[in-house]
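Working notes, structure below.
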There are 2 protein chains.
Amino acid sequence: MATTWRERRRVEAVAEIKEVARRLLVSGGPPAVSLRAISREMGMTTSALYRYFPSLDALVAALRGELFEELGRVTYAARDEVPEDDPILRVLAMARAFRRWGLEHRQEFGLMLGPPVPGAAGPDQEPGAPDNPVACIGAAFLGEFAELWRRGTLVVPPDDPIEGHLVPSLDLYVARRADIETPVVFAFLSAWTRLYGIIAMEIFGHMTWAVTDTEEFFEAELAGFARQLAGETRNVPGPG
Amino acid sequence: MATTWRERRRVEAVAEIKEVARRLLVSGGPPAVSLRAISREMGMTTSALYRYFPSLDALVAALRGELFEELGRVTYAARDEVPEDDPILRVLAMARAFRRWGLEHRQEFGLMLGPPVPGAAGPDQEPGAPDNPVACIGAAFLGEFAELWRRGTLVVPPDDPIEGHLVPSLDLYVARRADIETPVVFAFLSAWTRLYGIIAMEIFGHMTWAVTDTEEFFEAELAGFARQLAGETRNVPGPG
DNA sequence: CCGAACTGTGAACGATGTTCACTCTGTCTA
DNA sequence: TAGACAGAGTGAACATCGTTCACAGTTCGG
């Protein structure tokens with residue numbers, strides 16, 4: 001490939017910039033990641049950073065993309081530690097890994113899955129599925145849901161509510177794999193949003209007013225989740 | 001009460017400041033709300049604003065509190081348009097109102113229910129339940145869940161998973177009302193996080209890569225939700 | 001080996017939050 | 001009613017921020 005010294009040096013610089021930016025994000029939140037602070041930390045001039053990124057927004061956008069890849073790797077790794085023939089356990093493992101990573105990287109999580117950062121459009125904004133990081137993480141879950149569907153244990157609503165409402169490219173994705181039908185995608189999206197709700201609420205600190213042991217709550221939710229995926233439901237009547 | 005002219009003038013000024021801040025937030029996102037922009041818009045000096053708020057963070061914190069109150073009012077109003085004897089419909093009405101307000105006020109929603117703003121601790125951080133705005137909104141849902149519990153249609157997990165994990169003050173809240181037991185609180189929290197997940201993901205733009213008609217998806221989720229609250233579940237087996 | 005592209009510099013501009021000493025003015029008390 | 005006092009507004013100043021620009025040094029390819 002004949003990579004010149006400059007090219008090697010450049011990718012190193014880009015990597016270090018993002019690394020420092022992330023460290024600043026972690027220690028001081030979004031407002032702490034500034035070009036001047038980065039340049040200071042690196043012993044460079046601020047203007048030199050513009051040789052690598054056209055703007056601060058572009059820098060955090062790049063960082064965001066990298067973070068998605070990291071979260072994806074973590075999720076996939078957790079899945080692969082569970083045998084293939086137990087889709088429910090695989091889903092649970094991914095969910096736990098997802099939450100754990102988020103809790104251990106709150107600032108990063110906020111940057112990735114919080115409100116859109118004004119400057120830059122993230123990889124999840126453009127509907128050009130499924131070759132974007134977000135879709136890739138979701139796809140891991142979707143695969144297990146497809147397996148469950150094949151086994152006939154998946155609980156789905158009687159009528160398919162999103163038939164015809166999928167993003168075209170994702171529609172293609174479904175059509176490509178014969179074993180995935182839109183009810184499966186709906187079940188996945190339902191689970192995906194639900195998982196996001198529990199985790200994001202906890203990470204963003206919107207549950208501290210009600211629950212002390214959020215881990216316990218999460219596991220309880222996960223248990224109910226597993227029961228639902230296994231096809232059983234329990235109905236405990238109230239006193240009335 | 002003998003309110004002096006100055007006092008009246010002061011509350012007007014505070015109100016106008018928050019008003020202008022909100023307008024700036026809506027038009028330009030969080031970075032657009034700045035003391036200088038506010039003072040410019042109001043024909044004042046920037047330093048004069050410090051007579052009303054000790055810092056910018058304090059200002060947005062105050063704005064955030066006000067927004068919670070507004071969202072609460074909207075939610076309660078939607079509930080009260082449905083007869084008391086149909087708890088499920090009341091829950092659905094509140095959920096729809098919640099989502100609609102969020103969609104029509106994306107920036108405000110992000111400020112309220114996104115990642116915590118670094119400068120100021122919000123009303124949902126301190127665990128001093130339930131006299132805070134967030135808890136008040138949740139309480140509206142909780143009330144309907146209690147009614148469903150009384151009717152014996154609420155689906156709850158076989159073992160109570162959050163017994164002893166509630167915030168003490170919320171525990172008191174439960175103890176005060178004889179008709180609310182912790183399984184009800186768990187069911188509520190489960191629903192609350194789920195609702196948050198669907199709505200926040202849509203508002204933050206994290207679903208555009210998969211679904212075009214998010215309204216349809218939301219309604220489908222709501223339908224499944226209503227079925228669950230009514231105590232019925234449907235299990236459609238896959239082809240396997 | 002030499003021109004061209006890449007990388008880094010330092011100064012500058014406009015914007016931001018915050019502080020400070022200073023006025024002016026309404027309010028309350030002696 | 002007169003004067004003291006607290007509230008409200010001013011303008012300058014400081015440090016920080018993103019961004020741009022002309023300039024200098026270094027590396028690469030023909």
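FYI, nothing fancy with the structure tokens labels: chains A, B, ... in order, residues from 1 per chain, ligands from 1 as they appear.
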
Using only C-alpha atoms (C1' of nucleotides), what table do you get, as a Markdown table, when you list each residue of chain D with an atom no more than 12 Å from range 17-23 of chain C, its nearest pair of atoms, and their distance in Å rounded to one decimal, rows by chain then rising number?
```
| residue | atom | partner | partner_atom | distance |
| --- | --- | --- | --- | --- |
| D:DA8 | C1' | C:DT23 | C1' | 10.3 |
| D:DG9 | C1' | C:DT23 | C1' | 8.5 |
| D:DT10 | C1' | C:DT23 | C1' | 7.5 |
| D:DG11 | C1' | C:DC22 | C1' | 9.2 |
| D:DA12 | C1' | C:DC20 | C1' | 9.1 |
| D:DA13 | C1' | C:DC20 | C1' | 8.5 |
| D:DC14 | C1' | C:DT19 | C1' | 8.6 |
| D:DA15 | C1' | C:DT18 | C1' | 9.3 |
| D:DT16 | C1' | C:DG17 | C1' | 8.6 |
| D:DC17 | C1' | C:DG17 | C1' | 10.4 |
```

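Using only C-alpha atoms (C1' of nucleotides), the residues found no farther than 12 Å from Glu104 in chain A, other than those of its own chain fewer than 6 positions away, are A:Val26, A:Leu71, A:Ala97, A:Phe98, A:Gly110, A:Ile203.
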
| request: Quick one: everything within 12 Å of Arg23 in chain B, counting only C-alpha atoms (C1' of nucleotides), minus sequence neighbours fewer than 3 positions away in the same chain. Send it as number ranges by chain. | output: B: 16-20, 26-30, 32-34, 37-38, 41, 63, 105, 107-108

Residues of chain B within 12 Å of chain C: nearest atom pair and distance (Å, one decimal) for each, counting only C-alpha atoms (C1' of nucleotides), sorted by chain and number, as CSV?
```
residue,atom,partner,partner_atom,distance
B:Thr3,CA,C:DT27,C1',11.6
B:Thr4,CA,C:DT27,C1',8.5
B:Trp5,CA,C:DG26,C1',8.5
B:Arg6,CA,C:DG26,C1',7.3
B:Glu7,CA,C:DG26,C1',10.7
B:Arg9,CA,C:DG26,C1',11.5
B:Pro31,CA,C:DT16,C1',10.2
B:Ala32,CA,C:DT16,C1',10.6
B:Val33,CA,C:DT16,C1',10.8
B:Ser34,CA,C:DT16,C1',7.7
B:Leu35,CA,C:DG17,C1',7.8
B:Arg36,CA,C:DT16,C1',7.8
B:Ala37,CA,C:DT16,C1',9.9
B:Thr46,CA,C:DG17,C1',9.7
B:Ser47,CA,C:DT18,C1',8.4
B:Ala48,CA,C:DT18,C1',11.7
B:Leu49,CA,C:DT18,C1',11.2
B:Tyr50,CA,C:DT18,C1',9.2
B:Pro54,CA,C:DT18,C1',9.8
B:Ser55,CA,C:DG17,C1',8.2
B:Leu56,CA,C:DG17,C1',7.7
B:Asp57,CA,C:DG17,C1',10.2
```

| request: Pull out every residue of chain D sitting within 10 Å of chain A, counting only C-alpha atoms (C1' of nucleotides), and send them as a PyMOL selection string. | output: chain D and resi 16-20+27-28

Store the residues of this selection in a file with N, CA and C atoms (P, O5', C5', C4', C3', O3' and C1' of nucleotides), as a PDB file, in the first residue's frame.
```pdb
ATOM      1  P    DT D  16      -8.270  31.730  30.471  1.00  0.00           P
ATOM      2  O5'  DT D  16      -9.326  31.220  29.404  1.00  0.00           O
ATOM      3  C5'  DT D  16     -10.473  30.513  29.828  1.00  0.00           C
ATOM      4  C4'  DT D  16     -11.546  30.561  28.777  1.00  0.00           C
ATOM      5  C3'  DT D  16     -11.208  29.873  27.462  1.00  0.00           C
ATOM      6  O3'  DT D  16     -11.551  28.501  27.513  1.00  0.00           O
ATOM      7  C1'  DT D  16     -12.513  31.893  27.178  1.00  0.00           C
ATOM      8  P    DC D  17     -11.074  27.530  26.304  1.00  0.00           P
ATOM      9  O5'  DC D  17     -12.065  27.915  25.093  1.00  0.00           O
ATOM     10  C5'  DC D  17     -13.423  27.555  25.194  1.00  0.00           C
ATOM     11  C4'  DC D  17     -14.228  28.212  24.079  1.00  0.00           C
ATOM     12  C3'  DC D  17     -13.737  27.876  22.668  1.00  0.00           C
ATOM     13  O3'  DC D  17     -14.300  26.653  22.239  1.00  0.00           O
ATOM     14  C1'  DC D  17     -14.360  30.188  22.877  1.00  0.00           C
ATOM     15  P    DG D  18     -13.644  25.932  20.937  1.00  0.00           P
ATOM     16  O5'  DG D  18     -14.211  26.775  19.720  1.00  0.00           O
ATOM     17  C5'  DG D  18     -15.581  26.681  19.417  1.00  0.00           C
ATOM     18  C4'  DG D  18     -15.905  27.437  18.140  1.00  0.00           C
ATOM     19  C3'  DG D  18     -15.253  26.848  16.885  1.00  0.00           C
ATOM     20  O3'  DG D  18     -16.169  26.943  15.797  1.00  0.00           O
ATOM     21  C1'  DG D  18     -14.482  29.065  17.221  1.00  0.00           C
ATOM     22  P    DT D  19     -15.801  26.263  14.418  1.00  0.00           P
ATOM     23  O5'  DT D  19     -15.056  27.432  13.631  1.00  0.00           O
ATOM     24  C5'  DT D  19     -15.700  28.702  13.500  1.00  0.00           C
ATOM     25  C4'  DT D  19     -14.768  29.682  12.843  1.00  0.00           C
ATOM     26  C3'  DT D  19     -13.943  29.106  11.680  1.00  0.00           C
ATOM     27  O3'  DT D  19     -14.381  29.706  10.462  1.00  0.00           O
ATOM     28  C1'  DT D  19     -12.653  30.535  13.093  1.00  0.00           C
ATOM     29  P    DT D  20     -13.645  29.317   9.090  1.00  0.00           P
ATOM     30  O5'  DT D  20     -12.624  30.512   8.880  1.00  0.00           O
ATOM     31  C5'  DT D  20     -13.066  31.836   9.076  1.00  0.00           C
ATOM     32  C4'  DT D  20     -11.928  32.819   8.817  1.00  0.00           C
ATOM     33  C3'  DT D  20     -11.077  32.487   7.581  1.00  0.00           C
ATOM     34  O3'  DT D  20     -10.961  33.642   6.766  1.00  0.00           O
ATOM     35  C1'  DT D  20      -9.696  32.803   9.486  1.00  0.00           C
ATOM     36  P    DT D  27      10.274  16.291   7.705  1.00  0.00           P
ATOM     37  O5'  DT D  27       9.493  15.543   6.543  1.00  0.00           O
ATOM     38  C5'  DT D  27       8.101  15.329   6.686  1.00  0.00           C
ATOM     39  C4'  DT D  27       7.474  15.202   5.311  1.00  0.00           C
ATOM     40  C3'  DT D  27       8.062  14.080   4.438  1.00  0.00           C
ATOM     41  O3'  DT D  27       7.049  13.147   4.165  1.00  0.00           O
ATOM     42  C1'  DT D  27       7.731  16.082   3.212  1.00  0.00           C
ATOM     43  P    DC D  28       7.427  11.703   3.528  1.00  0.00           P
ATOM     44  O5'  DC D  28       6.826  11.793   2.057  1.00  0.00           O
ATOM     45  C5'  DC D  28       5.482  12.197   1.888  1.00  0.00           C
ATOM     46  C4'  DC D  28       5.276  12.716   0.469  1.00  0.00           C
ATOM     47  C3'  DC D  28       5.730  11.745  -0.627  1.00  0.00           C
ATOM     48  O3'  DC D  28       4.589  11.281  -1.333  1.00  0.00           O
ATOM     49  C1'  DC D  28       6.442  14.003  -1.055  1.00  0.00           C
TER      50       DC D  28
END
```

| request: Please give the complete set of residues from chain B that DSSP, run on the backbone, assigns to alpha helix (DSSP H), formatted as a PyMOL selection string. | output: chain B and resi 5-28+35-42+56-80+87-104+106-113+133-151+168-176+182-203+214-229

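Nearest to Arg73 in chain B of all the residues B:Ala223, B:Ala15, B:Val156, B:Ile137 is B:Ile137, counting only C-alpha atoms.
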
| Coordinates-based distance that separates CA of Glu12 in chain A from CA of Ala135 in chain A (Å, one decimal) | 28.2 Å

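Rounded to one decimal, CA of Thr214 in chain B and CA of Glu69 in chain A lie 25.8 Å from each other.
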
| request: Fewer than 5 positions away in the same chain doesn't count, so skip those; otherwise give me all residues within 10 Å of Pro133 in chain B, counting only C-alpha atoms (C1' of nucleotides), as a PyMOL selection string. | output: chain B and resi 65-72+123-124+138-139

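Taking CA of Met201 in chain B and CA of Pro116 in chain B as endpoints, the distance between them is 16.4 Å.
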
| Excluding same-chain residues fewer than 4 positions from Phe141 in chain A, what lies within 12 Å of it counting only C-alpha atoms (C1' of nucleotides), as a PyMOL selection string? | chain A and resi 72+75-76+78-79+87-95+98+134-137+145-148+184-185+187-193+195
